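Asker: Here you go, data.cif (mmCIF, C-alpha atoms):
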data_my_file
loop_
_atom_site.label_atom_id
_atom_site.label_comp_id
_atom_site.auth_asym_id
_atom_site.auth_seq_id
_atom_site.Cartn_x
_atom_site.Cartn_y
_atom_site.Cartn_z
CA MET F 16 1.16 -14.21 15.16
CA SER F 17 -1.64 -14.89 12.67
CA THR F 18 -3.39 -18.17 12.71
CA PRO F 19 -2.74 -20.36 9.68
CA SER F 20 -6.29 -19.90 8.35
CA ARG F 21 -5.90 -16.11 8.30
CA ARG F 22 -2.47 -15.99 6.67
CA LEU F 23 -1.88 -14.71 3.17
CA PRO F 24 0.64 -17.03 1.48
CA HIS F 25 1.58 -14.53 -1.22
CA ILE F 26 2.40 -11.96 1.46
CA ASP F 27 4.37 -14.58 3.38
CA ALA F 28 6.36 -15.34 0.22
CA LEU F 29 7.30 -11.69 -0.30
CA LYS F 30 8.29 -11.19 3.35
CA ALA F 31 10.29 -14.41 3.54
CA VAL F 32 12.29 -13.79 0.36
CA ALA F 33 12.90 -10.09 1.07
CA ALA F 34 14.12 -10.78 4.60
CA GLN F 35 16.63 -13.38 3.43
CA VAL F 36 17.93 -11.13 0.65
CA ILE F 37 18.47 -8.24 3.07
CA VAL F 38 20.35 -10.50 5.48
CA LEU F 39 22.58 -11.82 2.69
CA HIS F 40 23.17 -8.26 1.50
CA HIS F 41 24.49 -7.32 4.94
CA LEU F 42 26.58 -10.49 5.18
CA VAL F 43 28.48 -9.51 2.02
CA SER F 44 28.73 -5.84 3.02
CA TYR F 45 30.38 -5.77 6.45
CA GLY F 46 33.65 -7.01 7.88
CA PRO F 47 36.05 -9.87 7.15
CA ILE F 48 33.22 -12.24 6.19
CA SER F 49 32.18 -9.89 3.39
CA ARG F 50 35.75 -9.62 2.14
CA ALA F 51 36.06 -13.40 2.11
CA ALA F 52 32.78 -13.70 0.18
CA HIS F 53 33.94 -11.18 -2.44
CA GLU F 54 37.25 -12.97 -2.82
CA ALA F 55 35.71 -16.44 -3.15
CA LEU F 56 32.57 -15.53 -5.15
CA PRO F 57 33.22 -12.07 -6.59
CA GLN F 58 30.33 -11.88 -9.06
CA LEU F 59 27.64 -13.30 -6.77
CA ALA F 60 28.79 -11.31 -3.75
CA GLY F 61 29.08 -8.17 -5.88
CA LEU F 62 25.53 -8.52 -7.18
CA MET F 63 24.16 -9.14 -3.69
CA HIS F 64 26.08 -6.18 -2.30
CA GLU F 65 24.95 -3.85 -5.07
CA TYR F 66 21.30 -4.86 -5.45
CA GLY F 67 20.34 -6.77 -2.31
CA ARG F 68 19.39 -3.59 -0.47
CA MET F 69 16.57 -3.04 -2.96
CA ALA F 70 14.61 -5.83 -1.24
CA VAL F 71 13.56 -3.13 1.23
CA GLN F 72 11.17 -1.92 -1.48
CA VAL F 73 9.33 -5.23 -1.22
CA PHE F 74 8.88 -4.66 2.50
CA LEU F 75 7.61 -1.13 1.87
CA VAL F 76 4.96 -2.33 -0.58
CA VAL F 77 3.90 -5.16 1.73
CA ALA F 78 3.78 -2.81 4.73
CA GLY F 79 1.56 -0.39 2.82
CA TYR F 80 -0.75 -3.18 1.77
CA LEU F 81 -1.07 -4.62 5.28
CA SER F 82 -1.55 -1.18 6.86
CA ALA F 83 -4.33 -0.28 4.43
CA ARG F 84 -5.92 -3.67 5.01
CA GLY F 85 -5.89 -3.11 8.77
CA LEU F 86 -6.81 0.59 8.87
CA SER F 87 -9.38 0.77 6.09
CA PRO F 88 -10.43 -2.71 4.94
CA ARG F 89 -13.06 -1.42 2.49
CA GLY F 90 -11.42 1.88 1.52
CA GLY F 91 -13.56 3.97 3.84
CA ALA F 92 -12.39 6.63 6.24
CA LEU F 93 -10.42 5.88 9.36
CA GLN F 94 -12.56 4.66 12.25
CA ALA F 95 -10.10 4.09 15.12
CA ALA F 96 -8.58 6.81 17.31
CA VAL F 97 -5.39 8.24 15.82
CA PRO F 98 -3.34 8.48 19.07
CA GLN F 99 -4.10 4.87 19.93
CA LEU F 100 -3.12 3.66 16.46
CA LEU F 101 0.18 5.54 16.49
CA TRP F 102 1.03 4.49 20.04
CA ARG F 103 0.43 0.81 19.37
CA ARG F 104 2.43 0.94 16.14
CA TYR F 105 5.29 2.67 17.94
CA LEU F 106 5.37 0.03 20.67
CA ARG F 107 5.18 -2.82 18.18
CA LEU F 108 8.20 -1.45 16.32
CA VAL F 109 10.33 0.06 19.06
CA LEU F 110 10.25 -2.57 21.80
CA PRO F 111 11.81 -5.35 19.66
CA PHE F 112 14.08 -2.75 18.06
CA LEU F 113 15.46 -1.62 21.43
CA ALA F 114 15.94 -5.22 22.55
CA ALA F 115 17.92 -5.97 19.39
CA LEU F 116 19.83 -2.70 19.77
CA ALA F 117 20.87 -3.74 23.29
CA LEU F 118 22.16 -7.03 21.89
CA THR F 119 24.02 -5.14 19.16
CA LEU F 120 25.69 -2.82 21.63
CA GLY F 121 26.63 -5.80 23.82
CA ALA F 122 28.15 -7.58 20.83
CA SER F 123 29.95 -4.36 19.86
CA GLY F 124 31.57 -4.24 23.28
CA LEU F 125 32.78 -7.80 22.89
CA VAL F 126 34.33 -7.29 19.46
CA ALA F 127 35.62 -3.73 19.85
CA SER F 128 39.25 -4.80 20.08
CA SER F 129 39.22 -7.12 17.04
CA TRP F 130 36.87 -5.27 14.72
CA PRO F 131 36.85 -1.56 15.61
CA GLU F 132 35.78 -0.15 12.22
CA LEU F 133 32.07 -0.81 12.75
CA VAL F 134 31.91 -0.32 16.50
CA PRO F 135 30.70 3.14 17.58
CA ALA F 136 33.56 5.01 19.21
CA ASP F 137 31.37 7.11 21.48
CA ILE F 138 27.67 6.74 22.27
CA SER F 139 25.88 9.66 23.87
CA ALA F 140 22.69 9.66 25.90
CA GLY F 141 21.11 11.87 23.26
CA GLN F 142 21.92 9.33 20.57
CA LEU F 143 20.31 6.53 22.58
CA PHE F 144 17.25 8.67 23.32
CA ALA F 145 16.91 9.57 19.63
CA HIS F 146 16.99 5.87 18.75
CA ALA F 147 14.31 5.16 21.37
CA LEU F 148 12.10 7.79 19.73
CA LEU F 149 13.02 6.56 16.22
CA LEU F 150 14.27 10.05 15.39
CA HIS F 151 18.00 9.35 14.99
CA ASP F 152 18.13 10.16 11.26
CA VAL F 153 15.89 13.22 11.64
CA LEU F 154 18.09 14.58 14.44
CA GLY F 155 21.33 13.74 12.61
CA TYR F 156 22.64 10.95 14.85
CA GLU F 157 24.65 8.06 13.43
CA ALA F 158 22.67 4.81 13.43
CA LEU F 159 23.88 2.27 15.99
CA THR F 160 22.79 -0.75 13.96
CA VAL F 161 21.98 -1.58 10.36
CA GLY F 162 18.34 -1.21 9.37
CA ALA F 163 17.59 1.35 12.08
CA TRP F 164 16.53 3.80 9.38
CA TYR F 165 13.87 1.39 8.12
CA VAL F 166 12.23 1.02 11.53
CA ALA F 167 11.98 4.80 11.82
CA ILE F 168 10.64 5.20 8.28
CA ASP F 169 8.07 2.46 8.85
CA LEU F 170 6.59 4.45 11.73
CA GLN F 171 6.62 7.66 9.69
CA LEU F 172 4.91 5.99 6.74
CA PHE F 173 2.24 4.47 8.95
CA ALA F 174 1.64 7.86 10.60
CA LEU F 175 1.35 9.52 7.18
CA LEU F 176 -1.17 6.93 6.00
CA VAL F 177 -3.15 7.34 9.23
CA GLY F 178 -3.10 11.11 8.77
CA LEU F 179 -4.43 10.89 5.22
CA LEU F 180 -7.25 8.58 6.27
CA TRP F 181 -7.99 10.90 9.19
CA LEU F 182 -8.31 13.80 6.75
CA ALA F 183 -10.76 11.73 4.74
CA ARG F 184 -12.85 11.36 7.88
CA ARG F 185 -12.65 14.98 9.06
CA GLY F 186 -12.64 16.96 5.85
CA TRP F 187 -15.44 15.48 3.76
CA ARG F 188 -19.17 15.24 4.32
CA HIS F 189 -19.48 11.56 3.43
CA PRO F 190 -16.51 9.93 5.16
CA GLY F 191 -17.68 6.39 4.55
CA ARG F 192 -17.42 6.55 0.77
CA LEU F 193 -14.87 4.31 -0.89
CA VAL F 194 -12.97 7.09 -2.60
CA VAL F 195 -11.65 10.00 -0.56
CA GLY F 196 -8.99 8.23 1.49
CA PRO F 197 -7.56 6.22 -1.42
CA LEU F 198 -7.53 9.33 -3.61
CA LEU F 199 -5.50 11.20 -1.01
CA VAL F 200 -3.09 8.27 -0.73
CA ALA F 201 -2.78 8.11 -4.53
CA GLY F 202 -2.05 11.83 -4.69
CA VAL F 203 0.73 11.67 -2.11
CA ALA F 204 2.15 8.48 -3.68
CA LEU F 205 2.37 10.18 -7.08
CA ALA F 206 3.88 13.29 -5.51
CA SER F 207 6.49 11.02 -3.97
CA ALA F 208 7.23 9.32 -7.29
CA PHE F 209 7.48 12.56 -9.28
CA VAL F 210 8.96 14.95 -6.70
CA PHE F 211 10.01 13.79 -3.22
CA ASN F 212 11.75 10.57 -4.26
CA LEU F 213 14.03 12.55 -6.56
CA ASP F 214 15.68 14.42 -3.69
CA PRO F 215 18.11 12.23 -1.66
CA ALA F 216 18.18 14.91 1.04
CA LEU F 217 14.66 13.81 1.99
CA ASP F 218 15.57 10.16 2.66
CA ALA F 219 15.03 10.60 6.40
CA TRP F 220 11.36 11.44 5.82
CA ALA F 221 8.31 9.41 4.85
CA PRO F 222 7.39 11.28 1.62
CA TYR F 223 10.62 10.06 0.02
CA PHE F 224 9.46 6.43 0.38
CA PHE F 225 5.70 6.86 0.12
CA ALA F 226 5.53 5.91 -3.55
CA ALA F 227 6.29 2.27 -2.68
CA TYR F 228 4.20 2.30 0.51
CA GLY F 229 1.27 3.94 -1.26
CA LEU F 230 1.45 1.41 -4.09
CA GLY F 231 0.91 -1.37 -1.57
CA ALA F 232 -2.04 0.41 0.05
CA LEU F 233 -3.65 1.17 -3.31
CA VAL F 234 -3.31 -2.44 -4.47
CA HIS F 235 -5.43 -3.50 -1.50
CA TRP F 236 -8.20 -1.00 -2.29
CA LEU F 237 -8.13 -1.44 -6.07
CA THR F 238 -8.61 -5.19 -5.79
CA LEU F 239 -11.90 -4.48 -3.95
CA TRP F 240 -13.35 -2.12 -6.51
CA ARG F 241 -15.54 -3.04 -9.43
CA HIS F 242 -13.27 -1.17 -11.86
CA GLY F 243 -10.11 -1.88 -9.91
CA ARG F 244 -8.30 -3.35 -12.91
CA ALA F 245 -8.67 -0.12 -14.86
CA GLY F 246 -7.51 1.84 -11.81
CA LEU F 247 -4.47 -0.41 -11.49
CA VAL F 248 -3.58 0.17 -15.15
CA LEU F 249 -3.81 3.94 -14.64
CA LEU F 250 -1.70 3.75 -11.50
CA ALA F 251 0.95 1.62 -13.23
CA ALA F 252 0.97 4.02 -16.20
CA ALA F 253 1.53 6.98 -13.88
CA ILE F 254 4.45 5.26 -12.14
CA CYS F 255 5.90 4.32 -15.53
CA MET F 256 5.75 8.00 -16.49
CA ALA F 257 7.65 8.85 -13.31
CA LEU F 258 10.26 6.25 -14.27
CA MET F 259 10.55 7.69 -17.76
CA PHE F 260 11.08 11.10 -16.19
CA ALA F 261 13.82 9.73 -13.92
CA TRP F 262 14.61 6.02 -13.82
CA ARG F 263 15.00 4.47 -10.37
CA ASP F 264 15.61 0.75 -9.92
CA ARG F 265 14.00 0.90 -6.48
CA LEU F 266 10.76 2.37 -7.78
CA ALA F 267 10.66 -0.11 -10.68
CA LEU F 268 10.98 -2.98 -8.20
CA ALA F 269 8.24 -1.48 -6.04
CA LEU F 270 5.93 -1.30 -9.07
CA ALA F 271 6.74 -4.89 -10.08
CA THR F 272 6.04 -6.04 -6.51
CA ALA F 273 2.73 -4.17 -6.43
CA LEU F 274 1.63 -5.65 -9.77
CA TRP F 275 2.51 -9.17 -8.66
CA LEU F 276 0.65 -8.57 -5.41
CA ALA F 277 -2.41 -7.37 -7.33
CA TRP F 278 -2.30 -10.49 -9.52
CA ALA F 279 -2.00 -12.74 -6.47
CA GLU F 280 -4.90 -10.93 -4.77
CA ALA F 281 -7.06 -11.37 -7.89
CA ARG F 282 -6.38 -15.10 -7.87
CA ARG F 283 -7.22 -15.27 -4.16
CA ALA F 284 -10.53 -13.49 -4.83
CA GLN F 285 -11.30 -16.21 -7.39
CA GLY F 286 -10.61 -18.93 -4.83
CA ARG F 287 -7.29 -19.82 -6.44
CA SER F 288 -3.76 -19.55 -5.13
CA ALA F 289 -0.78 -17.76 -6.63
CA LEU F 290 1.52 -20.38 -5.11
CA PRO F 291 1.20 -24.12 -4.50
CA ALA F 292 -0.84 -24.77 -1.37
CA SER F 293 1.80 -27.22 -0.14
CA TRP F 294 4.18 -24.26 0.26
CA ASN F 295 1.95 -22.44 2.74
CA PRO F 296 3.32 -23.91 6.02
CA THR F 297 6.92 -23.37 4.89
CA LEU F 298 6.24 -19.81 3.77
CA ALA F 299 4.50 -19.03 7.07
CA ALA F 300 7.42 -20.47 9.06
CA TRP F 301 9.93 -18.29 7.19
CA ALA F 302 7.82 -15.14 7.08
CA THR F 303 6.59 -15.03 10.69
CA PRO F 304 9.99 -14.12 12.25
CA SER F 305 11.05 -11.86 9.35
CA TYR F 306 11.07 -8.68 11.47
CA ALA F 307 12.93 -10.50 14.24
CA LEU F 308 15.49 -11.70 11.70
CA PHE F 309 15.83 -8.19 10.28
CA LEU F 310 16.63 -6.86 13.76
CA LEU F 311 18.75 -9.71 15.10
CA HIS F 312 21.13 -10.71 12.32
CA PHE F 313 23.57 -7.81 12.79
CA PRO F 314 24.72 -8.63 16.35
CA VAL F 315 25.25 -12.21 15.17
CA LEU F 316 27.28 -10.89 12.25
CA LEU F 317 29.40 -8.81 14.62
CA LEU F 318 30.35 -11.87 16.65
CA THR F 319 31.11 -14.16 13.71
CA ASN F 320 33.15 -11.45 12.02
CA ALA F 321 35.21 -11.15 15.20
CA LEU F 322 35.86 -14.90 15.09
CA LEU F 323 37.18 -14.62 11.55
CA ALA F 324 39.22 -11.51 12.35
CA ASN F 325 40.94 -13.37 15.22
CA ALA F 326 41.56 -16.57 13.26
CA ALA F 327 45.26 -17.21 12.77
CA ASP F 328 44.95 -18.87 9.35
CA ALA F 329 41.78 -17.30 7.95
CA THR F 330 40.98 -18.27 4.35
CA PRO F 331 38.18 -17.29 1.97
CA GLU F 332 36.73 -20.78 2.42
CA MET F 333 36.62 -20.26 6.19
CA GLY F 334 34.91 -16.91 5.59
CA LEU F 335 32.27 -18.55 3.39
CA LEU F 336 31.69 -21.19 6.04
CA LEU F 337 31.18 -18.50 8.68
CA LEU F 338 28.83 -16.67 6.32
CA VAL F 339 26.62 -19.77 6.15
CA VAL F 340 26.91 -20.24 9.92
CA THR F 341 25.93 -16.61 10.49
CA TRP F 342 22.92 -16.90 8.19
CA ALA F 343 21.75 -20.14 9.83
CA LEU F 344 22.33 -18.91 13.38
CA ALA F 345 20.51 -15.62 12.76
CA ASN F 346 17.50 -17.47 11.33
CA TRP F 347 17.47 -19.88 14.26
CA LEU F 348 17.75 -17.15 16.90
CA ALA F 349 14.99 -15.14 15.20
CA LEU F 350 12.46 -17.79 16.25
CA PRO F 351 12.80 -17.37 20.04
CA PHE F 352 13.26 -13.61 19.59
CA HIS F 353 9.93 -13.45 17.78
CA ARG F 354 8.20 -15.64 20.35
CA TRP F 355 9.57 -14.05 23.51
CA VAL F 356 10.17 -10.45 22.45
CA GLU F 357 8.36 -9.41 19.26
CA ALA F 358 5.04 -11.18 19.84
CA PRO F 359 4.63 -9.97 23.47
CA ALA F 360 5.57 -6.44 22.34
CA SER F 361 2.63 -6.45 19.92
CA ARG F 362 0.29 -7.01 22.89
CA PHE F 363 2.04 -4.85 25.50
CA ASP F 364 0.62 -1.42 26.31
CA PRO F 365 1.91 0.38 29.42
CA LEU F 366 -0.87 2.97 29.05
CA ALA F 367 -3.72 0.49 28.77
CA TRP F 368 -5.20 1.75 32.05
CA LEU F 369 -5.80 5.23 30.59
CA PRO F 370 -9.24 6.06 29.12
CA ARG F 371 -9.34 5.71 25.35
CA PRO F 372 -10.02 8.82 23.26
CA ARG F 373 -13.18 8.89 21.19
CA THR F 374 -12.85 7.94 17.53
CA ALA F 375 -15.05 10.73 16.25
#
In structure tokens, what does this structure look like?
Answerer:
Amino acid sequence: MSTPSRRLPHIDALKAVAAQVIVLHHLVSYGPISRAAHEALPQLAGLMHEYGRMAVQVFLVVAGYLSARGLSPRGGALQAAVPQLLWRRYLRLVLPFLAALALTLGASGLVASSWPELVPADISAGQLFAHALLLHDVLGYEALTVGAWYVAIDLQLFALLVGLLWLARRGWRHPGRLVVGPLLVAGVALASAFVFNLDPALDAWAPYFFAAYGLGALVHWLTLWRHGRAGLVLLAAAICMALMFAWRDRLALALATALWLAWAEARRAQGRSALPASWNPTLAAWATPSYALFLLHFPVLLLTNALLANAADATPEMGLLLLVVTWALANWLALPFHRWVEAPASRFDPLAWLPRPRTA
């Protein structure tokens, strides 16, 4: 967990809001609780069901920004060893993911008789192994929990960004210059926007999503450059051209998120804040367990849906009440999950005793 003095409130705001929207999207998309929500509040539930999933684009932009900030703070070439970076990222993602997956499978076993439609009928060892490697979509296995695809794509996107920055270090004579790595990232991001993101068959692979991820990374570097504002205008114009070629709501939201992030970063550079300073502790409290909430809310939803399915006199009002209970319980349980599972996972390394490879 970051210390309060090192936190970025505008990043916290994006993470906190996006996490809550994704949770609400799932609450109105699965099981008896979702049906009750659509019956009681058809327009609101319909909008959340249809558009709530797009909040993932906010996470993609934020993840790209934070990865670029950590890997190449000044836009130079990658300095750390690639295997170490990928291994630590994998552990940070997969250990909490597997813990949440175990809880999901346990909840599935408890509710199998009352809510069979979303409980996997047969789970193979290969399917579990593919999930542990974050290769379930690539290998064609059905996901065992919602959001599993995002965890896998996050690792792929990080690996692609690391690879591009590694090329900047290995392939050019002056690897410390503030240009080669970002130019490679910009090239792949534009290729994603104009080509890869137009083919739904590629949605199990990082290039399909790299437009949003690359936008976040480029915002970080452009805000450091002397002519970064002009570069941002050119980048936004290029993405707008891609949208004119083929409109995508997801890409438009990613661009809007990146532009807001650039504005907030510019204000921070001027010693000003994009949000009231009094909000900072609240934003930090909601944003810190956002990954834990993303992982943990589905097993909670399984259990509360089973309660509603077994209720003798279930009504839409009872369903709405359980929706609120599910949301509150998932947010509350995310706090100890973050503290006792996610945070230790970010420090755990079973191969720490091995000699580290050289960075050069």
Asker: From the set F:Ala321, F:Arg185, F:Leu175, F:Asp27, which residue has the shortest atom-to-atom contact distance to Gly124 of chain F, counting only C-alpha atoms?
Answerer: F:Ala321
Asker: Mind listing whatever residues come within 7 Å of the point (-5.4, -8.1, -5.8)? Use all atoms listed in the file, file coordinates, and give them as a PDB file with C-alpha atoms, keeping the file's coordinate frame.
Answerer:
ATOM      1  CA  VAL F 234      -3.310  -2.440  -4.470  1.00  0.00           C
ATOM      2  CA  HIS F 235      -5.430  -3.500  -1.500  1.00  0.00           C
ATOM      3  CA  THR F 238      -8.610  -5.190  -5.790  1.00  0.00           C
ATOM      4  CA  LEU F 276       0.650  -8.570  -5.410  1.00  0.00           C
ATOM      5  CA  ALA F 277      -2.410  -7.370  -7.330  1.00  0.00           C
ATOM      6  CA  TRP F 278      -2.300 -10.490  -9.520  1.00  0.00           C
ATOM      7  CA  ALA F 279      -2.000 -12.740  -6.470  1.00  0.00           C
ATOM      8  CA  GLU F 280      -4.900 -10.930  -4.770  1.00  0.00           C
ATOM      9  CA  ALA F 281      -7.060 -11.370  -7.890  1.00  0.00           C
TER      10      ALA F 281
END
Asker: Could you tell me, as a PyMOL selection string, exactly which residues end up selected when the PyMOL selection byres ((chain F and resi 57-62) around 12) is applied to this structure?
Answerer: chain F and resi 36+39-45+48-56+63-69+331+335+338
Asker: Which residues fall under the PyMOL selection byres ((chain F and resi 153) around 10) in this file, as a PyMOL selection string?
Answerer: chain F and resi 145+149-152+154-156+164+167+217-220
Asker: Hey, can you spit out that residue selection with C-alpha atoms as a PDB file, keeping the file's coordinate frame?
Answerer:
ATOM      1  CA  ALA F 145      16.910   9.570  19.630  1.00  0.00           C
ATOM      2  CA  LEU F 149      13.020   6.560  16.220  1.00  0.00           C
ATOM      3  CA  LEU F 150      14.270  10.050  15.390  1.00  0.00           C
ATOM      4  CA  HIS F 151      18.000   9.350  14.990  1.00  0.00           C
ATOM      5  CA  ASP F 152      18.130  10.160  11.260  1.00  0.00           C
ATOM      6  CA  LEU F 154      18.090  14.580  14.440  1.00  0.00           C
ATOM      7  CA  GLY F 155      21.330  13.740  12.610  1.00  0.00           C
ATOM      8  CA  TYR F 156      22.640  10.950  14.850  1.00  0.00           C
ATOM      9  CA  TRP F 164      16.530   3.800   9.380  1.00  0.00           C
ATOM     10  CA  ALA F 167      11.980   4.800  11.820  1.00  0.00           C
ATOM     11  CA  LEU F 217      14.660  13.810   1.990  1.00  0.00           C
ATOM     12  CA  ASP F 218      15.570  10.160   2.660  1.00  0.00           C
ATOM     13  CA  ALA F 219      15.030  10.600   6.400  1.00  0.00           C
ATOM     14  CA  TRP F 220      11.360  11.440   5.820  1.00  0.00           C
TER      15      TRP F 220
END
Asker: Could you list, as a list of chain:residue names, every residue within 8 Å of His312 of chain F, counting only C-alpha atoms and ignoring same-chain residues fewer than 5 positions away?
Answerer: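 The residues satisfying every condition are F:Val38, F:Thr341, F:Trp342, F:Ala345, F:Asn346.
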Asker: With all atoms listed in the file as the counted atoms, please give the residues lying no more than 10 Å from Ser87 of chain F, apart from itself and same-chain residues fewer than 3 positions off, as a short mmCIF file (atom, residue, chain, number, x, y, z; two decimals) with C-alpha atoms, in the frame of the given file.
Answerer:
data_model
loop_
_atom_site.label_atom_id
_atom_site.label_comp_id
_atom_site.auth_asym_id
_atom_site.auth_seq_id
_atom_site.Cartn_x
_atom_site.Cartn_y
_atom_site.Cartn_z
CA LEU F 81 -1.07 -4.62 5.28
CA SER F 82 -1.55 -1.18 6.86
CA ALA F 83 -4.33 -0.28 4.43
CA ARG F 84 -5.92 -3.67 5.01
CA GLY F 90 -11.42 1.88 1.52
CA GLY F 91 -13.56 3.97 3.84
CA ALA F 92 -12.39 6.63 6.24
CA LEU F 93 -10.42 5.88 9.36
CA GLN F 94 -12.56 4.66 12.25
CA ALA F 95 -10.10 4.09 15.12
CA VAL F 177 -3.15 7.34 9.23
CA LEU F 180 -7.25 8.58 6.27
CA LEU F 193 -14.87 4.31 -0.89
CA GLY F 196 -8.99 8.23 1.49
CA PRO F 197 -7.56 6.22 -1.42
CA ALA F 232 -2.04 0.41 0.05
CA HIS F 235 -5.43 -3.50 -1.50
CA TRP F 236 -8.20 -1.00 -2.29
#
Asker: Using Å and a single decimal, report how far atom CA of Leu75 of chain F sits from atom CA of Pro88 of chain F.
Answerer: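 It comes out at 18.4 Å.
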Asker: Since the input has fewer atoms than a full residue there, write segment 50-72 of chain F out with N, CA and C atoms, as a tab-separated table (two decimals), in the frame of the given file.
Answerer:
chain	number	residue	atom	x	y	z
F	50	ARG	N	34.56	-9.61	3.00
F	50	ARG	CA	35.75	-9.62	2.14
F	50	ARG	C	36.06	-11.04	1.65
F	51	ALA	N	35.85	-12.01	2.52
F	51	ALA	CA	36.06	-13.40	2.11
F	51	ALA	C	35.06	-13.80	1.03
F	52	ALA	N	33.80	-13.36	1.18
F	52	ALA	CA	32.78	-13.70	0.18
F	52	ALA	C	33.11	-13.08	-1.17
F	53	HIS	N	33.60	-11.84	-1.17
F	53	HIS	CA	33.94	-11.18	-2.44
F	53	HIS	C	35.17	-11.81	-3.08
F	54	GLU	N	36.06	-12.33	-2.26
F	54	GLU	CA	37.25	-12.97	-2.82
F	54	GLU	C	36.92	-14.34	-3.39
F	55	ALA	N	36.04	-15.09	-2.70
F	55	ALA	CA	35.71	-16.44	-3.15
F	55	ALA	C	34.68	-16.44	-4.27
F	56	LEU	N	33.67	-15.58	-4.17
F	56	LEU	CA	32.57	-15.53	-5.15
F	56	LEU	C	32.36	-14.07	-5.57
F	57	PRO	N	33.27	-13.51	-6.33
F	57	PRO	CA	33.22	-12.07	-6.59
F	57	PRO	C	31.96	-11.60	-7.31
F	58	GLN	N	31.50	-12.33	-8.31
F	58	GLN	CA	30.33	-11.88	-9.06
F	58	GLN	C	29.06	-11.97	-8.22
F	59	LEU	N	28.85	-13.12	-7.57
F	59	LEU	CA	27.64	-13.30	-6.77
F	59	LEU	C	27.62	-12.33	-5.59
F	60	ALA	N	28.73	-12.22	-4.89
F	60	ALA	CA	28.79	-11.31	-3.75
F	60	ALA	C	28.63	-9.86	-4.20
F	61	GLY	N	29.21	-9.53	-5.36
F	61	GLY	CA	29.08	-8.17	-5.88
F	61	GLY	C	27.64	-7.83	-6.22
F	62	LEU	N	26.94	-8.75	-6.85
F	62	LEU	CA	25.53	-8.52	-7.18
F	62	LEU	C	24.69	-8.36	-5.92
F	63	MET	N	24.93	-9.22	-4.92
F	63	MET	CA	24.16	-9.14	-3.69
F	63	MET	C	24.46	-7.85	-2.93
F	64	HIS	N	25.71	-7.42	-2.96
F	64	HIS	CA	26.08	-6.18	-2.30
F	64	HIS	C	25.45	-4.98	-2.99
F	65	GLU	N	25.43	-5.00	-4.31
F	65	GLU	CA	24.95	-3.85	-5.07
F	65	GLU	C	23.42	-3.75	-5.08
F	66	TYR	N	22.74	-4.90	-5.24
F	66	TYR	CA	21.30	-4.86	-5.45
F	66	TYR	C	20.47	-5.44	-4.31
F	67	GLY	N	21.11	-6.13	-3.36
F	67	GLY	CA	20.34	-6.77	-2.31
F	67	GLY	C	19.56	-5.79	-1.46
F	68	ARG	N	20.07	-4.58	-1.30
F	68	ARG	CA	19.39	-3.59	-0.47
F	68	ARG	C	18.03	-3.20	-1.04
F	69	MET	N	17.84	-3.42	-2.35
F	69	MET	CA	16.57	-3.04	-2.96
F	69	MET	C	15.41	-3.89	-2.46
F	70	ALA	N	15.70	-5.01	-1.79
F	70	ALA	CA	14.61	-5.83	-1.24
F	70	ALA	C	13.79	-5.07	-0.22
F	71	VAL	N	14.34	-3.97	0.32
F	71	VAL	CA	13.56	-3.13	1.23
F	71	VAL	C	12.30	-2.62	0.56
F	72	GLN	N	12.36	-2.40	-0.76
F	72	GLN	CA	11.17	-1.92	-1.48
F	72	GLN	C	10.03	-2.92	-1.39
